[in-house]
file data_1.txt (compact mmCIF, C-alpha atoms and all ligand atoms)
# COMPACT_ATOMS: atom_id res chain seq x y z
CA MET A 1 3.42 2.52 5.53
CA ASP A 2 -0.04 3.32 6.60
CA MET A 3 -1.57 6.20 8.41
CA VAL A 4 -2.98 5.91 11.92
CA PRO A 5 -6.30 4.25 11.07
CA ASN A 6 -8.31 5.39 14.05
CA ASN A 7 -7.84 6.37 17.69
CA ALA A 8 -6.35 9.52 16.23
CA HIS A 9 -7.54 11.36 19.33
CA ILE A 10 -5.00 9.56 21.51
CA ARG A 11 -1.99 10.30 19.35
CA PRO A 12 0.79 12.42 20.84
CA PRO A 13 0.66 16.12 20.01
CA GLY A 14 3.96 16.23 18.10
CA PRO A 15 6.75 14.05 16.80
CA PRO A 16 8.37 11.68 19.29
CA VAL A 17 11.70 12.54 20.93
CA GLY A 18 14.53 12.13 18.45
CA ALA A 19 12.37 12.70 15.35
CA ALA A 20 12.43 15.83 13.20
CA ALA A 21 9.45 18.19 13.04
CA ASP A 22 8.20 16.24 9.99
CA TRP A 23 8.49 13.01 12.03
CA THR A 24 11.44 11.65 10.03
CA ILE A 25 14.36 9.88 11.68
CA PRO A 26 17.69 8.64 10.31
CA GLN A 27 17.58 5.07 9.00
CA ARG A 28 20.78 4.19 10.94
CA TRP A 29 21.62 1.50 8.43
CA ALA A 30 24.92 0.62 10.14
CA GLN A 31 22.99 -0.56 13.20
CA TYR A 32 21.21 -3.44 11.48
CA THR A 33 22.58 -6.79 12.64
CA PRO A 34 23.58 -9.64 10.31
CA ALA A 35 20.52 -11.53 11.57
CA GLU A 36 18.28 -8.62 10.52
CA HIS A 37 19.82 -8.48 7.05
CA ALA A 38 19.29 -12.25 6.82
CA ILE A 39 15.57 -11.81 7.54
CA TRP A 40 15.31 -9.32 4.68
CA ASN A 41 17.10 -11.75 2.36
CA ARG A 42 14.84 -14.60 3.33
CA LEU A 43 11.65 -12.61 2.84
CA PHE A 44 12.90 -11.01 -0.37
CA THR A 45 13.91 -14.30 -1.99
CA ARG A 46 10.68 -16.02 -1.01
CA GLN A 47 8.42 -13.20 -2.22
CA LEU A 48 10.25 -12.49 -5.46
CA ALA A 49 9.88 -16.15 -6.46
CA GLN A 50 6.22 -16.14 -5.42
CA LEU A 51 5.46 -12.97 -7.38
CA GLN A 52 7.02 -13.83 -10.76
CA ASP A 53 3.70 -14.57 -12.43
CA ARG A 54 1.49 -12.90 -9.82
CA ALA A 55 2.62 -9.30 -9.48
CA VAL A 56 1.87 -6.62 -12.04
CA PRO A 57 4.88 -6.42 -14.42
CA ALA A 58 5.55 -2.81 -13.32
CA PHE A 59 6.28 -4.08 -9.82
CA LEU A 60 8.91 -6.55 -11.03
CA ALA A 61 10.34 -3.88 -13.34
CA GLY A 62 10.60 -1.52 -10.35
CA VAL A 63 12.52 -4.09 -8.30
CA GLN A 64 14.98 -4.33 -11.21
CA ALA A 65 15.20 -0.61 -11.90
CA LEU A 66 15.91 0.16 -8.24
CA GLY A 67 18.53 -2.57 -8.02
CA MET A 68 16.70 -4.30 -5.15
CA LYS A 69 18.36 -7.62 -4.32
CA PRO A 70 18.59 -10.12 -1.49
CA THR A 71 21.80 -8.48 -0.30
CA GLY A 72 20.56 -7.11 3.00
CA ILE A 73 18.18 -4.35 4.00
CA PRO A 74 18.59 -1.58 1.43
CA ARG A 75 20.24 1.65 2.42
CA PHE A 76 17.57 4.31 1.78
CA GLU A 77 20.24 6.65 0.40
CA ASP A 78 21.13 4.16 -2.33
CA LEU A 79 17.52 3.41 -3.12
CA ASN A 80 16.71 7.12 -3.29
CA GLU A 81 19.43 7.84 -5.79
CA ALA A 82 17.72 5.60 -8.34
CA LEU A 83 14.14 6.39 -7.29
CA ASP A 84 14.61 10.15 -7.33
CA ARG A 85 16.15 9.94 -10.78
CA LEU A 86 13.22 7.90 -12.11
CA THR A 87 10.18 9.65 -10.62
CA GLY A 88 11.32 12.23 -8.05
CA TRP A 89 10.18 10.07 -5.10
CA THR A 90 12.31 9.38 -2.02
CA VAL A 91 11.92 7.06 0.96
CA VAL A 92 12.22 8.55 4.45
CA ALA A 93 12.31 6.69 7.76
CA VAL A 94 9.74 7.33 10.50
CA PRO A 95 9.43 5.81 13.98
CA GLY A 96 6.12 3.98 13.33
CA LEU A 97 2.60 4.90 12.31
CA VAL A 98 2.32 8.64 11.78
CA PRO A 99 -0.69 10.95 12.08
CA GLU A 100 -2.62 11.18 8.85
CA GLU A 101 -1.77 14.82 8.14
CA VAL A 102 1.95 13.99 8.35
CA PHE A 103 1.42 10.99 6.11
CA PHE A 104 -0.51 12.98 3.50
CA HIS A 105 1.99 15.85 3.57
CA HIS A 106 4.88 13.51 2.78
CA LEU A 107 3.00 11.77 -0.04
CA ALA A 108 2.02 15.11 -1.56
CA HIS A 109 5.75 15.92 -1.65
CA ARG A 110 6.70 12.57 -3.16
CA GLN A 111 8.17 11.24 0.06
CA PHE A 112 7.24 7.76 1.13
CA VAL A 113 7.42 7.23 4.88
CA ALA A 114 8.84 3.84 5.88
CA GLY A 115 9.43 1.97 9.11
CA ARG A 116 13.12 1.20 9.63
CA PHE A 117 12.77 -1.85 11.91
CA ILE A 118 12.45 -5.37 10.53
CA ARG A 119 10.20 -8.10 11.90
CA SER A 120 11.71 -10.93 13.95
CA ALA A 121 12.37 -14.39 12.52
CA ALA A 122 9.53 -15.66 14.71
CA GLN A 123 7.09 -13.27 13.01
CA LEU A 124 7.88 -13.76 9.33
CA ASP A 125 4.21 -13.94 8.44
CA TYR A 126 2.58 -11.79 11.07
CA LEU A 127 2.99 -8.08 11.52
CA GLU A 128 1.41 -5.66 13.95
CA GLU A 129 2.98 -2.58 12.40
CA PRO A 130 4.43 -2.10 8.95
CA ASP A 131 8.16 -2.85 8.98
CA VAL A 132 10.89 -2.05 6.47
CA PHE A 133 10.08 -5.16 4.43
CA HIS A 134 6.42 -4.25 4.01
CA ASP A 135 7.20 -0.61 3.39
CA VAL A 136 10.21 -0.91 1.11
CA PHE A 137 9.67 -4.20 -0.69
CA GLY A 138 5.89 -3.78 -0.74
CA HIS A 139 5.48 -0.14 -1.63
CA VAL A 140 8.64 1.24 -3.20
CA PRO A 141 9.03 -0.73 -6.48
CA LEU A 142 5.84 0.76 -7.94
CA LEU A 143 6.96 4.28 -7.04
CA ALA A 144 9.44 3.81 -9.89
CA ASP A 145 6.46 3.68 -12.28
CA PRO A 146 5.62 7.22 -13.45
CA VAL A 147 1.84 6.74 -13.60
CA TYR A 148 1.60 5.01 -10.23
CA ALA A 149 3.96 7.61 -8.78
CA SER A 150 1.57 10.36 -9.87
CA TYR A 151 -1.39 8.52 -8.33
CA MET A 152 0.36 8.36 -4.96
CA GLN A 153 1.18 12.06 -5.04
CA ALA A 154 -2.39 12.97 -6.03
CA TYR A 155 -3.66 10.83 -3.16
CA GLY A 156 -1.46 12.76 -0.72
CA GLU A 157 -2.76 16.02 -2.13
CA ALA A 158 -6.37 14.90 -1.74
CA GLY A 159 -5.59 13.95 1.87
CA SER A 160 -3.88 17.25 2.57
CA ARG A 161 -7.05 19.10 1.54
CA LEU A 162 -9.12 17.13 4.06
CA HIS A 163 -10.03 18.33 7.47
CA ALA A 164 -11.69 15.60 9.43
CA GLY A 165 -14.83 13.57 9.68
CA SER A 166 -16.19 10.74 7.58
CA ALA A 167 -14.27 11.91 4.50
CA LEU A 168 -11.06 10.67 6.13
CA THR A 169 -12.51 7.19 6.56
CA GLU A 170 -13.65 7.19 2.95
CA LEU A 171 -10.27 8.31 1.65
CA ALA A 172 -8.52 5.74 3.86
CA ARG A 173 -10.67 3.02 2.24
CA LEU A 174 -9.50 4.13 -1.19
CA TYR A 175 -5.87 3.75 -0.06
CA TRP A 176 -6.61 0.40 1.52
CA TYR A 177 -8.28 -1.06 -1.55
CA THR A 178 -5.78 0.27 -4.07
CA VAL A 179 -2.32 0.97 -2.61
CA GLU A 180 -2.49 -1.82 -0.02
CA PHE A 181 -4.79 -4.48 -1.50
CA GLY A 182 -5.35 -3.61 -5.14
CA LEU A 183 -5.63 -6.13 -7.97
CA ILE A 184 -5.20 -5.28 -11.64
CA ARG A 185 -6.32 -6.93 -14.87
CA ASP A 186 -3.77 -8.43 -17.22
CA GLY A 187 -5.56 -9.95 -20.22
CA ASP A 188 -7.83 -12.67 -18.86
CA ARG A 189 -5.86 -12.99 -15.61
CA LEU A 190 -5.57 -10.92 -12.49
CA ARG A 191 -2.35 -9.68 -10.99
CA ILE A 192 -1.40 -8.07 -7.70
CA PHE A 193 -0.24 -4.53 -7.13
CA GLY A 194 -1.21 -3.76 -3.52
CA ALA A 195 1.70 -3.62 -1.08
CA GLY A 196 -0.19 -5.50 1.62
CA ILE A 197 -0.52 -8.43 -0.75
CA VAL A 198 2.90 -8.39 -2.43
CA SER A 199 4.61 -8.39 0.97
CA SER A 200 2.50 -11.30 2.29
CA ASN A 201 3.34 -14.85 1.29
CA GLY A 202 -0.06 -16.25 2.16
CA GLU A 203 -2.19 -13.45 0.77
CA SER A 204 -0.27 -13.25 -2.52
CA GLU A 205 -1.59 -16.73 -3.21
CA TYR A 206 -5.05 -16.35 -1.68
CA ALA A 207 -5.83 -13.03 -3.38
CA LEU A 208 -5.53 -14.53 -6.87
CA ASP A 209 -6.38 -18.19 -6.37
CA SER A 210 -8.90 -18.61 -3.56
CA PRO A 211 -12.58 -18.99 -4.46
CA GLU A 212 -13.48 -17.27 -1.18
CA PRO A 213 -13.06 -13.49 -1.60
CA LEU A 214 -15.06 -11.26 -3.93
CA ARG A 215 -13.05 -9.58 -6.68
CA ILE A 216 -15.02 -6.55 -7.70
CA GLY A 217 -14.40 -4.20 -10.62
CA PHE A 218 -13.13 -0.89 -9.23
CA ASP A 219 -15.73 1.80 -8.74
CA LEU A 220 -14.60 4.89 -6.84
CA LYS A 221 -17.69 5.46 -4.71
CA ARG A 222 -18.29 1.78 -4.05
CA THR A 223 -14.68 1.40 -2.90
CA MET A 224 -14.87 4.47 -0.65
CA LEU A 225 -17.96 3.06 1.06
CA THR A 226 -16.66 -0.45 1.68
CA ASP A 227 -15.46 -1.41 5.15
CA TYR A 228 -12.31 -3.47 5.53
CA ARG A 229 -10.76 -6.00 7.85
CA ILE A 230 -7.33 -5.47 9.31
CA ASP A 231 -7.13 -8.79 11.15
CA SER A 232 -7.41 -11.33 8.34
CA PHE A 233 -7.01 -11.76 4.59
CA GLN A 234 -9.45 -9.53 2.73
CA LYS A 235 -12.97 -10.72 1.98
CA ASN A 236 -13.22 -8.42 -1.04
CA TYR A 237 -10.72 -6.93 -3.41
CA PHE A 238 -11.17 -4.27 -6.07
CA VAL A 239 -9.79 -4.76 -9.57
CA ILE A 240 -8.51 -1.87 -11.69
CA ASP A 241 -7.95 -1.99 -15.47
CA SER A 242 -4.62 -0.16 -15.46
CA PHE A 243 -2.81 2.52 -13.50
CA GLU A 244 -3.85 5.04 -16.17
CA ASP A 245 -7.46 4.07 -15.58
CA LEU A 246 -7.03 4.39 -11.79
CA VAL A 247 -5.62 7.89 -12.22
CA ARG A 248 -8.48 8.81 -14.54
CA ARG A 249 -11.17 7.56 -12.19
CA THR A 250 -9.67 9.35 -9.19
CA SER A 251 -9.00 12.64 -10.97
CA VAL A 252 -12.11 14.15 -9.43
CA ASP A 253 -12.91 16.86 -6.96
CA PHE A 254 -13.19 14.68 -3.89
CA ARG A 255 -15.37 17.27 -2.17
CA ASP A 256 -18.16 16.36 -4.60
CA ILE A 257 -17.72 12.69 -3.79
CA TYR A 258 -17.75 13.24 0.00
CA LYS A 259 -20.93 15.24 -0.39
CA GLU A 260 -22.57 12.50 -2.45
CA LEU A 261 -21.57 9.85 0.07
CA GLU A 262 -22.68 11.83 3.09
CA GLY A 263 -25.16 9.89 5.19
CA ILE A 264 -24.85 6.69 3.13
CA ALA A 265 -24.23 3.65 5.33
CA PRO A 266 -20.91 1.84 4.81
CA ILE A 267 -21.03 -1.42 2.85
CA PRO A 268 -20.01 -4.39 5.02
CA VAL A 269 -17.16 -6.60 3.78
CA ALA A 270 -18.08 -9.50 1.49
CA THR A 271 -21.29 -7.84 0.28
CA ARG A 272 -22.27 -8.46 -3.30
CA LEU A 273 -24.20 -5.62 -4.92
CA PRO A 274 -26.29 -6.06 -8.08
CA THR A 275 -24.15 -3.38 -9.78
CA ASP A 276 -20.84 -5.17 -9.04
CA ILE A 277 -18.77 -6.57 -11.87
CA LEU A 278 -17.18 -9.72 -10.46
CA PHE A 279 -13.97 -11.46 -11.49
CA ALA A 280 -13.24 -15.15 -11.06
CA PRO A 281 -10.06 -16.35 -9.35
CA ASN A 282 -7.18 -17.06 -11.71
CA PRO A 283 -7.50 -20.45 -13.40
CA GLY A 284 -5.21 -23.13 -12.00
CA ARG A 285 -1.78 -23.48 -13.44
FE FE B 1 1.47 -0.22 3.72
call {"tool": "encode", "arguments": {"input": "data_1.txt", "output": "structure tokens"}}
result
Amino acid sequence: MDMVPNNAHIRPPGPPVGAAADWTIPQRWAQYTPAEHAIWNRLFTRQLAQLQDRAVPAFLAGVQALGMKPTGIPRFEDLNEALDRLTGWTVVAVPGLVPEEVFFHHLAHRQFVAGRFIRSAAQLDYLEEPDVFHDVFGHVPLLADPVYASYMQAYGEAGSRLHAGSALTELARLYWYTVEFGLIRDGDRLRIFGAGIVSSNGESEYALDSPEPLRIGFDLKRTMLTDYRIDSFQKNYFVIDSFEDLVRRTSVDFRDIYKELEGIAPIPVATRLPTDILFAPNPGR
């Protein structure tokens, strides 16, 4: 799931009809049709095969540990039993994109907000809003990893301390370039951990193999200044060393960072700075 990226001023004042005060809704698992379960199975099978030597091992371990299989859209209750036991996280359903303060509040309380609808068979590779496949297959396996789980909670806490202004844009970029589109080093190769990549068939190939995008060593301030595209594959990715390293580099008082970045112009996508450490695409196999 993602937060409302912009146009926050036009959002409704409270949760939609039928949602709880915290915007959650029941998953209503029994209402999924066989065709909808079949779409999950198709996407799941295709991505799991694609990701065997592309995803960070912790992602594949999470899929295993949570018992995720191509046996229909998971029931959140079942998923939560395992997830809560492992890291104290749970998945909750929401009606769609939620206002950022709602999003941050849930993360800070180890609740991951997920869409409950699934894309149509005609839209297997194109999504306007995050669906249950992106949210659950893409995001949830890594929440079973204790270090990653703590990063996500800390991110929610940082967001909850925010008020408004450019700091929100900067913090949203951090989420975008780590949680959604992050790459991670694994020896002399790169692997994927961002949910936006693991849930996309095309981008899970492009992000590692294509000579086109820049793959830049993660730097907190550089990442928080870099614009992003929402309408195409990314033109730059950021590469972390490990989840431990990501936690270390983001264990800062963000107020100091916002202050330092105040008034600095954003960095356009696909810009190469002299200070960037660049990574080559993975060698052919
Ligand atoms: Fe997402």
call {"tool": "residues_near_point", "arguments": {"input": "data_1.txt", "point": "(-11.9, -6.9, 1.0)", "cutoff": "9 Å", "atoms": "all atoms listed in the file", "output": "mmCIF file with C-alpha atoms, in the coordinates of the input"}}
result
data_model
loop_
_atom_site.group_PDB
_atom_site.id
_atom_site.type_symbol
_atom_site.label_atom_id
_atom_site.label_comp_id
_atom_site.auth_asym_id
_atom_site.auth_seq_id
_atom_site.Cartn_x
_atom_site.Cartn_y
_atom_site.Cartn_z
ATOM 1 C CA TYR A 177 -8.280 -1.060 -1.550
ATOM 2 C CA PHE A 181 -4.790 -4.480 -1.500
ATOM 3 C CA PRO A 213 -13.060 -13.490 -1.600
ATOM 4 C CA LEU A 214 -15.060 -11.260 -3.930
ATOM 5 C CA ARG A 215 -13.050 -9.580 -6.680
ATOM 6 C CA THR A 226 -16.660 -0.450 1.680
ATOM 7 C CA ASP A 227 -15.460 -1.410 5.150
ATOM 8 C CA TYR A 228 -12.310 -3.470 5.530
ATOM 9 C CA ARG A 229 -10.760 -6.000 7.850
ATOM 10 C CA PHE A 233 -7.010 -11.760 4.590
ATOM 11 C CA GLN A 234 -9.450 -9.530 2.730
ATOM 12 C CA LYS A 235 -12.970 -10.720 1.980
ATOM 13 C CA ASN A 236 -13.220 -8.420 -1.040
ATOM 14 C CA TYR A 237 -10.720 -6.930 -3.410
ATOM 15 C CA PHE A 238 -11.170 -4.270 -6.070
ATOM 16 C CA VAL A 269 -17.160 -6.600 3.780
ATOM 17 C CA ALA A 270 -18.080 -9.500 1.490
#
call {"tool": "closest_residue", "arguments": {"input": "data_1.txt", "among": "A:Glu101, A:Asp53, A:Glu157, A:Glu77", "to": "Trp29 (chain A)", "atoms": "all atoms listed in the file"}}
result
A:Glu77
call {"tool": "residues_near_ligand", "arguments": {"input": "data_1.txt", "ligand": "ligand FE 1 (chain B)", "cutoff": "9 Å", "atoms": "all atoms listed in the file", "output": "PyMOL selection string"}}
result
chain A and resi 1-3+114+130-131+134-135+138-139+176+179-180+194-196
call {"tool": "write_last_selection", "arguments": {"input": "data_1.txt", "atoms": "C-alpha atoms", "output": "PDB file, in the frame of the given file"}}
result
ATOM      1  CA  MET A   1       3.420   2.520   5.530  1.00  0.00           C
ATOM      2  CA  ASP A   2      -0.040   3.320   6.600  1.00  0.00           C
ATOM      3  CA  MET A   3      -1.570   6.200   8.410  1.00  0.00           C
ATOM      4  CA  ALA A 114       8.840   3.840   5.880  1.00  0.00           C
ATOM      5  CA  PRO A 130       4.430  -2.100   8.950  1.00  0.00           C
ATOM      6  CA  ASP A 131       8.160  -2.850   8.980  1.00  0.00           C
ATOM      7  CA  HIS A 134       6.420  -4.250   4.010  1.00  0.00           C
ATOM      8  CA  ASP A 135       7.200  -0.610   3.390  1.00  0.00           C
ATOM      9  CA  GLY A 138       5.890  -3.780  -0.740  1.00  0.00           C
ATOM     10  CA  HIS A 139       5.480  -0.140  -1.630  1.00  0.00           C
ATOM     11  CA  TRP A 176      -6.610   0.400   1.520  1.00  0.00           C
ATOM     12  CA  VAL A 179      -2.320   0.970  -2.610  1.00  0.00           C
ATOM     13  CA  GLU A 180      -2.490  -1.820  -0.020  1.00  0.00           C
ATOM     14  CA  GLY A 194      -1.210  -3.760  -3.520  1.00  0.00           C
ATOM     15  CA  ALA A 195       1.700  -3.620  -1.080  1.00  0.00           C
ATOM     16  CA  GLY A 196      -0.190  -5.500   1.620  1.00  0.00           C
TER      17      GLY A 196
END
call {"tool": "residues_around", "arguments": {"input": "data_1.txt", "residues": "Pro95 (chain A)", "least_positions_apart": "3", "cutoff": "12 Å", "atoms": "only C-alpha atoms", "output": "ChimeraX atom specification"}}
result
/A:1,15-20,22-28,92,98-99,113-117,129-132
call {"tool": "closest_residue", "arguments": {"input": "data_1.txt", "among": "A:Leu183, A:Leu143, A:Pro283, A:Val102", "to": "Gly14 (chain A)", "atoms": "all atoms listed in the file"}}
result
A:Val102
call {"tool": "residues_around", "arguments": {"input": "data_1.txt", "residues": "Asp186 (chain A)", "least_positions_apart": "2", "cutoff": "9 Å", "atoms": "only C-alpha atoms", "output": "number ranges by chain"}}
result
A: 56, 184, 188-191, 241-242
call {"tool": "build_atoms", "arguments": {"input": "data_1.txt", "residues": "region 76-87 of chain A", "atoms": "all heavy atoms", "output": "compact mmCIF listing (two decimals), in the frame of the given file"}}
result
# COMPACT_ATOMS: atom_id res chain seq x y z
N PHE A 76 18.54 3.40 2.43
CA PHE A 76 17.57 4.31 1.78
C PHE A 76 18.28 5.28 0.83
O PHE A 76 17.75 5.61 -0.22
CB PHE A 76 16.75 5.07 2.82
CG PHE A 76 15.77 4.22 3.60
CD1 PHE A 76 15.00 4.77 4.62
CD2 PHE A 76 15.63 2.86 3.33
CE1 PHE A 76 14.11 3.99 5.34
CE2 PHE A 76 14.75 2.06 4.05
CZ PHE A 76 13.98 2.64 5.07
N GLU A 77 19.47 5.73 1.25
CA GLU A 77 20.24 6.65 0.40
C GLU A 77 20.47 6.08 -1.00
O GLU A 77 20.35 6.79 -2.00
CB GLU A 77 21.63 6.86 1.00
CG GLU A 77 21.80 8.06 1.88
CD GLU A 77 23.13 7.92 2.64
OE1 GLU A 77 24.18 7.73 1.97
OE2 GLU A 77 23.07 7.97 3.87
N ASP A 78 20.85 4.80 -1.04
CA ASP A 78 21.13 4.16 -2.33
C ASP A 78 19.86 4.02 -3.15
O ASP A 78 19.82 4.29 -4.35
CB ASP A 78 21.74 2.77 -2.13
CG ASP A 78 23.09 2.85 -1.41
OD1 ASP A 78 23.68 3.96 -1.37
OD2 ASP A 78 23.52 1.81 -0.87
N LEU A 79 18.81 3.59 -2.47
CA LEU A 79 17.52 3.41 -3.12
C LEU A 79 17.04 4.75 -3.69
O LEU A 79 16.54 4.83 -4.82
CB LEU A 79 16.53 2.95 -2.04
CG LEU A 79 15.42 2.00 -2.39
CD1 LEU A 79 15.92 0.80 -3.17
CD2 LEU A 79 14.74 1.53 -1.09
N ASN A 80 17.21 5.80 -2.90
CA ASN A 80 16.71 7.12 -3.29
C ASN A 80 17.43 7.69 -4.49
O ASN A 80 16.83 8.45 -5.27
CB ASN A 80 16.81 8.09 -2.11
CG ASN A 80 15.74 7.80 -1.07
OD1 ASN A 80 14.77 7.11 -1.36
ND2 ASN A 80 15.92 8.32 0.13
N GLU A 81 18.68 7.32 -4.63
CA GLU A 81 19.43 7.84 -5.79
C GLU A 81 18.72 7.40 -7.08
O GLU A 81 18.46 8.21 -7.97
CB GLU A 81 20.84 7.26 -5.75
CG GLU A 81 21.90 8.21 -6.25
CD GLU A 81 23.26 7.62 -6.01
OE1 GLU A 81 23.72 7.62 -4.85
OE2 GLU A 81 23.84 7.11 -7.00
N ALA A 82 18.39 6.12 -7.14
CA ALA A 82 17.72 5.60 -8.34
C ALA A 82 16.28 6.08 -8.42
O ALA A 82 15.80 6.50 -9.48
CB ALA A 82 17.76 4.07 -8.32
N LEU A 83 15.57 6.05 -7.30
CA LEU A 83 14.14 6.39 -7.29
C LEU A 83 13.92 7.86 -7.64
O LEU A 83 13.04 8.20 -8.43
CB LEU A 83 13.58 6.08 -5.90
CG LEU A 83 12.07 6.22 -5.70
CD1 LEU A 83 11.29 5.35 -6.68
CD2 LEU A 83 11.70 5.86 -4.26
N ASP A 84 14.73 8.72 -7.08
CA ASP A 84 14.61 10.15 -7.33
C ASP A 84 14.86 10.44 -8.81
O ASP A 84 14.17 11.24 -9.43
CB ASP A 84 15.61 10.90 -6.43
CG ASP A 84 15.40 12.41 -6.49
OD1 ASP A 84 14.29 12.86 -6.82
OD2 ASP A 84 16.36 13.15 -6.23
N ARG A 85 15.83 9.75 -9.36
CA ARG A 85 16.15 9.94 -10.78
C ARG A 85 14.97 9.50 -11.65
O ARG A 85 14.64 10.13 -12.65
CB ARG A 85 17.41 9.13 -11.11
CG ARG A 85 17.98 9.35 -12.49
CD ARG A 85 19.42 8.79 -12.62
NE ARG A 85 19.76 7.70 -11.72
CZ ARG A 85 19.46 6.41 -11.91
NH1 ARG A 85 18.79 6.03 -12.98
NH2 ARG A 85 19.84 5.50 -11.04
N LEU A 86 14.30 8.44 -11.28
CA LEU A 86 13.22 7.90 -12.11
C LEU A 86 11.92 8.71 -12.00
O LEU A 86 11.29 9.01 -13.00
CB LEU A 86 12.94 6.45 -11.72
CG LEU A 86 14.03 5.46 -12.14
CD1 LEU A 86 13.85 4.12 -11.41
CD2 LEU A 86 13.99 5.23 -13.65
N THR A 87 11.51 9.01 -10.77
CA THR A 87 10.18 9.65 -10.62
C THR A 87 10.17 10.80 -9.61
O THR A 87 9.10 11.36 -9.34
CB THR A 87 9.13 8.61 -10.12
OG1 THR A 87 9.61 8.03 -8.91
CG2 THR A 87 8.87 7.54 -11.16
